[in-house]
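Next comes model-v7.pdb, a file with PDB, C-alpha atoms.
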```
ATOM      1  CA  MET A 720     -21.318 -44.695   7.459
ATOM      2  CA  SER A 721     -24.098 -47.241   7.537
ATOM      3  CA  GLN A 722     -24.182 -49.033   4.196
ATOM      4  CA  GLN A 723     -27.715 -50.221   4.940
ATOM      5  CA  THR A 724     -28.879 -46.624   5.319
ATOM      6  CA  VAL A 725     -27.150 -45.612   2.074
ATOM      7  CA  ASP A 726     -28.732 -48.583   0.265
ATOM      8  CA  VAL A 727     -32.207 -47.706   1.557
ATOM      9  CA  LEU A 728     -31.787 -44.043   0.623
ATOM     10  CA  ASN A 729     -30.561 -44.984  -2.847
ATOM     11  CA  GLN A 730     -33.640 -47.140  -3.317
ATOM     12  CA  LEU A 731     -35.813 -44.152  -2.375
ATOM     13  CA  ILE A 732     -33.804 -41.942  -4.743
ATOM     14  CA  HIS A 733     -34.593 -44.480  -7.459
ATOM     15  CA  PHE A 734     -38.332 -44.204  -6.749
ATOM     16  CA  CYS A 735     -38.179 -40.393  -6.798
ATOM     17  CA  TYR A 736     -36.300 -40.326 -10.107
ATOM     18  CA  ASP A 737     -38.696 -42.925 -11.504
ATOM     19  CA  ALA A 738     -41.654 -40.744 -10.507
ATOM     20  CA  MET A 739     -39.991 -37.643 -11.902
ATOM     21  CA  LYS A 740     -39.285 -39.293 -15.264
ATOM     22  CA  GLY A 741     -42.778 -40.754 -15.447
ATOM     23  CA  TYR A 742     -44.303 -37.335 -14.820
ATOM     24  CA  GLU A 743     -41.954 -35.754 -17.398
ATOM     25  CA  ASP A 744     -42.927 -38.316 -20.035
ATOM     26  CA  ALA A 745     -46.594 -37.839 -19.247
ATOM     27  CA  ALA A 746     -46.284 -34.046 -19.463
ATOM     28  CA  HIS A 747     -44.842 -34.372 -22.971
ATOM     29  CA  ALA A 748     -47.779 -36.548 -24.017
ATOM     30  CA  VAL A 749     -50.650 -34.379 -22.767
ATOM     31  CA  ARG A 750     -52.652 -32.053 -24.933
ATOM     32  CA  THR A 751     -54.003 -29.718 -22.263
ATOM     33  CA  ASP A 752     -52.043 -26.900 -20.691
ATOM     34  CA  ALA A 753     -53.627 -27.351 -17.276
ATOM     35  CA  LEU A 754     -52.643 -31.010 -17.033
ATOM     36  CA  ASN A 755     -49.178 -30.248 -18.391
ATOM     37  CA  ILE A 756     -48.637 -27.587 -15.718
ATOM     38  CA  TRP A 757     -49.938 -29.905 -13.016
ATOM     39  CA  LEU A 758     -47.612 -32.724 -14.111
ATOM     40  CA  ALA A 759     -44.665 -30.309 -14.326
ATOM     41  CA  GLU A 760     -45.269 -29.409 -10.682
ATOM     42  CA  ARG A 761     -45.055 -33.104  -9.761
ATOM     43  CA  VAL A 762     -41.722 -33.267 -11.624
ATOM     44  CA  LYS A 763     -40.370 -30.391  -9.513
ATOM     45  CA  THR A 764     -41.465 -31.866  -6.203
ATOM     46  CA  ARG A 765     -40.049 -35.302  -6.981
ATOM     47  CA  ARG A 766     -36.762 -33.786  -8.199
ATOM     48  CA  SER A 767     -36.529 -31.829  -4.957
ATOM     49  CA  ALA A 768     -37.170 -35.003  -2.935
ATOM     50  CA  ALA A 769     -34.448 -36.853  -4.851
ATOM     51  CA  GLU A 770     -32.038 -33.970  -4.233
ATOM     52  CA  ASP A 771     -32.778 -34.072  -0.488
ATOM     53  CA  LEU A 772     -32.033 -37.795  -0.439
ATOM     54  CA  VAL A 773     -28.857 -37.358  -2.511
ATOM     55  CA  ARG A 774     -27.600 -34.779   0.006
ATOM     56  CA  GLU A 775     -28.345 -37.217   2.823
ATOM     57  CA  VAL A 776     -26.392 -40.027   1.134
ATOM     58  CA  GLU A 777     -23.483 -37.627   0.616
ATOM     59  CA  ARG A 778     -23.695 -36.508   4.263
ATOM     60  CA  LEU A 779     -23.271 -40.144   5.246
ATOM     61  CA  GLY A 780     -20.225 -40.472   2.989
ATOM     62  CA  GLY A 781     -21.969 -42.723   0.492
ATOM     63  CA  THR A 782     -22.339 -42.561  -3.260
ATOM     64  CA  PRO A 783     -25.833 -41.511  -4.327
ATOM     65  CA  LEU A 784     -27.634 -43.129  -7.222
ATOM     66  CA  SER A 785     -27.411 -40.965 -10.326
ATOM     67  CA  GLU A 786     -30.450 -39.805 -12.227
ATOM     68  CA  ALA A 787     -28.970 -41.267 -15.415
ATOM     69  CA  ALA A 788     -29.129 -44.759 -13.882
ATOM     70  CA  VAL A 789     -32.936 -44.694 -13.673
ATOM     71  CA  ASN A 790     -35.541 -45.213 -16.365
ATOM     72  CA  ALA A 791     -39.189 -44.494 -15.677
ATOM     73  CA  GLY A 792     -40.448 -47.928 -14.742
ATOM     74  CA  PHE A 793     -43.269 -47.967 -12.246
ATOM     75  CA  PHE A 794     -44.460 -44.516 -13.286
ATOM     76  CA  ALA A 795     -44.087 -45.196 -17.037
ATOM     77  CA  SER A 796     -47.774 -46.054 -17.288
ATOM     78  CA  LEU A 797     -48.638 -42.406 -16.661
ATOM     79  CA  LYS A 798     -47.741 -41.500 -20.223
ATOM     80  CA  THR A 799     -50.299 -43.893 -21.653
ATOM     81  CA  VAL A 800     -53.196 -42.808 -19.443
ATOM     82  CA  VAL A 801     -52.796 -39.036 -19.586
ATOM     83  CA  THR A 802     -54.118 -39.041 -23.127
ATOM     84  CA  ASP A 803     -57.363 -40.476 -21.716
ATOM     85  CA  GLY A 804     -57.993 -37.230 -19.815
ATOM     86  CA  TRP A 805     -58.017 -35.940 -16.269
ATOM     87  CA  ASP A 806     -59.878 -38.784 -14.608
ATOM     88  CA  ALA A 807     -57.572 -41.486 -15.944
ATOM     89  CA  ALA A 808     -54.476 -39.412 -15.211
ATOM     90  CA  LEU A 809     -55.560 -38.657 -11.654
ATOM     91  CA  ALA A 810     -56.392 -42.301 -10.974
ATOM     92  CA  GLU A 811     -52.963 -43.382 -12.213
ATOM     93  CA  VAL A 812     -51.213 -40.656 -10.212
ATOM     94  CA  GLU A 813     -53.055 -41.824  -7.102
ATOM     95  CA  ARG A 814     -51.945 -45.413  -7.741
ATOM     96  CA  CYS A 815     -48.322 -44.452  -8.324
ATOM     97  CA  GLU A 816     -48.197 -42.069  -5.382
ATOM     98  CA  ALA A 817     -49.629 -44.772  -3.111
ATOM     99  CA  GLN A 818     -46.713 -47.008  -4.130
ATOM    100  CA  LEU A 819     -44.232 -44.207  -3.450
ATOM    101  CA  ILE A 820     -45.750 -43.647  -0.005
ATOM    102  CA  GLU A 821     -45.612 -47.376   0.701
ATOM    103  CA  GLU A 822     -41.886 -47.497  -0.127
ATOM    104  CA  PHE A 823     -41.099 -44.526   2.117
ATOM    105  CA  THR A 824     -43.217 -46.021   4.916
ATOM    106  CA  LYS A 825     -41.307 -49.316   4.639
ATOM    107  CA  ALA A 826     -38.008 -47.427   4.812
ATOM    108  CA  LEU A 827     -39.031 -45.852   8.119
ATOM    109  CA  GLN A 828     -39.506 -49.324   9.592
ATOM    110  CA  LEU A 829     -35.912 -50.287   8.813
ATOM    111  CA  ASP A 830     -32.877 -49.713  10.992
ATOM    112  CA  ILE A 831     -31.489 -46.582   9.348
ATOM    113  CA  ASP A 832     -29.575 -43.572  10.650
ATOM    114  CA  GLY A 833     -31.697 -41.238  12.809
ATOM    115  CA  GLY A 834     -30.958 -38.131  10.739
ATOM    116  CA  SER A 835     -31.769 -40.034   7.579
ATOM    117  CA  LYS A 836     -35.007 -41.241   9.131
ATOM    118  CA  ASP A 837     -35.952 -37.603   9.754
ATOM    119  CA  VAL A 838     -35.358 -36.755   6.082
ATOM    120  CA  VAL A 839     -37.426 -39.747   4.943
ATOM    121  CA  ARG A 840     -40.231 -38.883   7.389
ATOM    122  CA  THR A 841     -40.353 -35.269   6.163
ATOM    123  CA  LEU A 842     -40.556 -36.382   2.536
ATOM    124  CA  LEU A 843     -43.205 -38.963   3.403
ATOM    125  CA  ASP A 844     -45.255 -36.214   5.060
ATOM    126  CA  HIS A 845     -45.008 -34.133   1.854
ATOM    127  CA  PHE A 846     -45.997 -37.094  -0.334
ATOM    128  CA  THR A 847     -48.936 -37.909   1.924
ATOM    129  CA  ALA A 848     -50.137 -34.303   1.763
ATOM    130  CA  ASP A 849     -49.731 -34.341  -2.034
ATOM    131  CA  GLN A 850     -51.730 -37.554  -2.250
ATOM    132  CA  ALA A 851     -54.517 -36.031  -0.158
ATOM    133  CA  ARG A 852     -54.626 -33.033  -2.531
ATOM    134  CA  VAL A 853     -54.775 -35.354  -5.543
ATOM    135  CA  SER A 854     -57.608 -37.307  -3.915
ATOM    136  CA  ARG A 855     -59.561 -34.111  -3.224
ATOM    137  CA  PHE A 856     -58.837 -32.886  -6.739
ATOM    138  CA  SER A 857     -59.951 -36.223  -8.162
ATOM    139  CA  SER A 858     -63.186 -36.129  -6.163
ATOM    140  CA  ALA A 859     -63.932 -32.628  -7.427
ATOM    141  CA  ALA A 860     -63.166 -33.465 -11.073
TER
END
```
Take the structure from the file and write it as structure tokens.
Amino acid sequence: MSQQTVDVLNQLIHFCYDAMKGYEDAAHAVRTDALNIWLAERVKTRRSAAEDLVREVERLGGTPLSEAAVNAGFFASLKTVVTDGWDAALAEVERCEAQLIEEFTKALQLDIDGGSKDVVRTLLDHFTADQARVSRFSSAA
């Protein structure tokens, strides 16, 4: 087991849980069904990403970061802006997702296990596609 790989994956798990909790908090604060549904979808995709990373840490024989150990930090600002409507929410999602993509991109530049790198790359591809959809959605709003 490469402890460096486990540490990097746990950091990415932290970011996924942070995003998930931020989206959950924001969904509870919104007043529109459409935005609530949209945020709930983000919760699902980030939970799935965290689960993929947890499985990878376990495959390596490491101990994955638990969801309970993470509070919404970076994504916490979502809750405050969603009450300002779609435009503010989309802008904040774009900002937060850009940070998430940056962290996953940095992880790919590190010396981590090849199989783990494949998992990170796949998730990064999903996040990048999500960000492109948010950008298109934001432009159309």
Next item on the list: Please provide as number ranges by chain all residues within 9 Å of A:Thr782, with the sequence filter that same-chain residues fewer than 2 positions apart are discarded (counting only C-alpha atoms).
Entry: A: 725, 729, 773, 776-777, 779-780, 784-785
One decimal place gives the atom CA of A:Arg774-atom CA of A:Asp744 separation as 25.5 Å
So which one's closest to A:Asp771, A:Cys735, A:Leu754, A:Thr824, A:Asp849? Using only C-alpha atoms, please.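 That would be A:Cys735, the residue with the smallest distance to A:Asp771.
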Checklist entry - So which residues get picked by the PyMOL selection byres ((chain A and resi 834) around 12) here, written as a PyMOL selection string? => result chain A and resi 721+724+728+772+774-776+778-779+827+830-833+835-841
Give me the residues within 8 Å of stretch 755-765 of chain A as a compact mmCIF listing (two decimals) with C-alpha atoms, in the coordinates of the input, counting only C-alpha atoms and dropping any in the same chain fewer than 6 places off.
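The resulting part.txt:
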```txt
# COMPACT_ATOMS: atom_id res chain seq x y z
CA CYS A 735 -38.18 -40.39 -6.80
CA TYR A 736 -36.30 -40.33 -10.11
CA ALA A 738 -41.65 -40.74 -10.51
CA MET A 739 -39.99 -37.64 -11.90
CA LYS A 740 -39.28 -39.29 -15.26
CA TYR A 742 -44.30 -37.34 -14.82
CA GLU A 743 -41.95 -35.75 -17.40
CA ALA A 745 -46.59 -37.84 -19.25
CA ALA A 746 -46.28 -34.05 -19.46
CA HIS A 747 -44.84 -34.37 -22.97
CA VAL A 749 -50.65 -34.38 -22.77
```
request  = Would you work out the distance separating atom CA of A:Ala768 from atom CA of A:Ile732, expressed in Å to one decimal?
outcome  =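 According to the coordinates, atom CA of A:Ala768 and atom CA of A:Ile732 are separated by 7.9 Å.
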At what distance in Å, to one decimal, does atom CA of A:Gln722 lie from atom CA of A:Leu819?
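Separating atom CA of A:Leu819 from atom CA of A:Gln722 is a distance of 22.0 Å.
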query = Between A:Ser767, A:Gln730, A:Glu811, A:Ile820, which is the closest to A:Asp844 once you count all atoms listed in the file?
reply =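 Checking each of A:Ser767, A:Gln730, A:Glu811, A:Ile820 against A:Asp844, counting all atoms listed in the file, the winner is A:Ile820.
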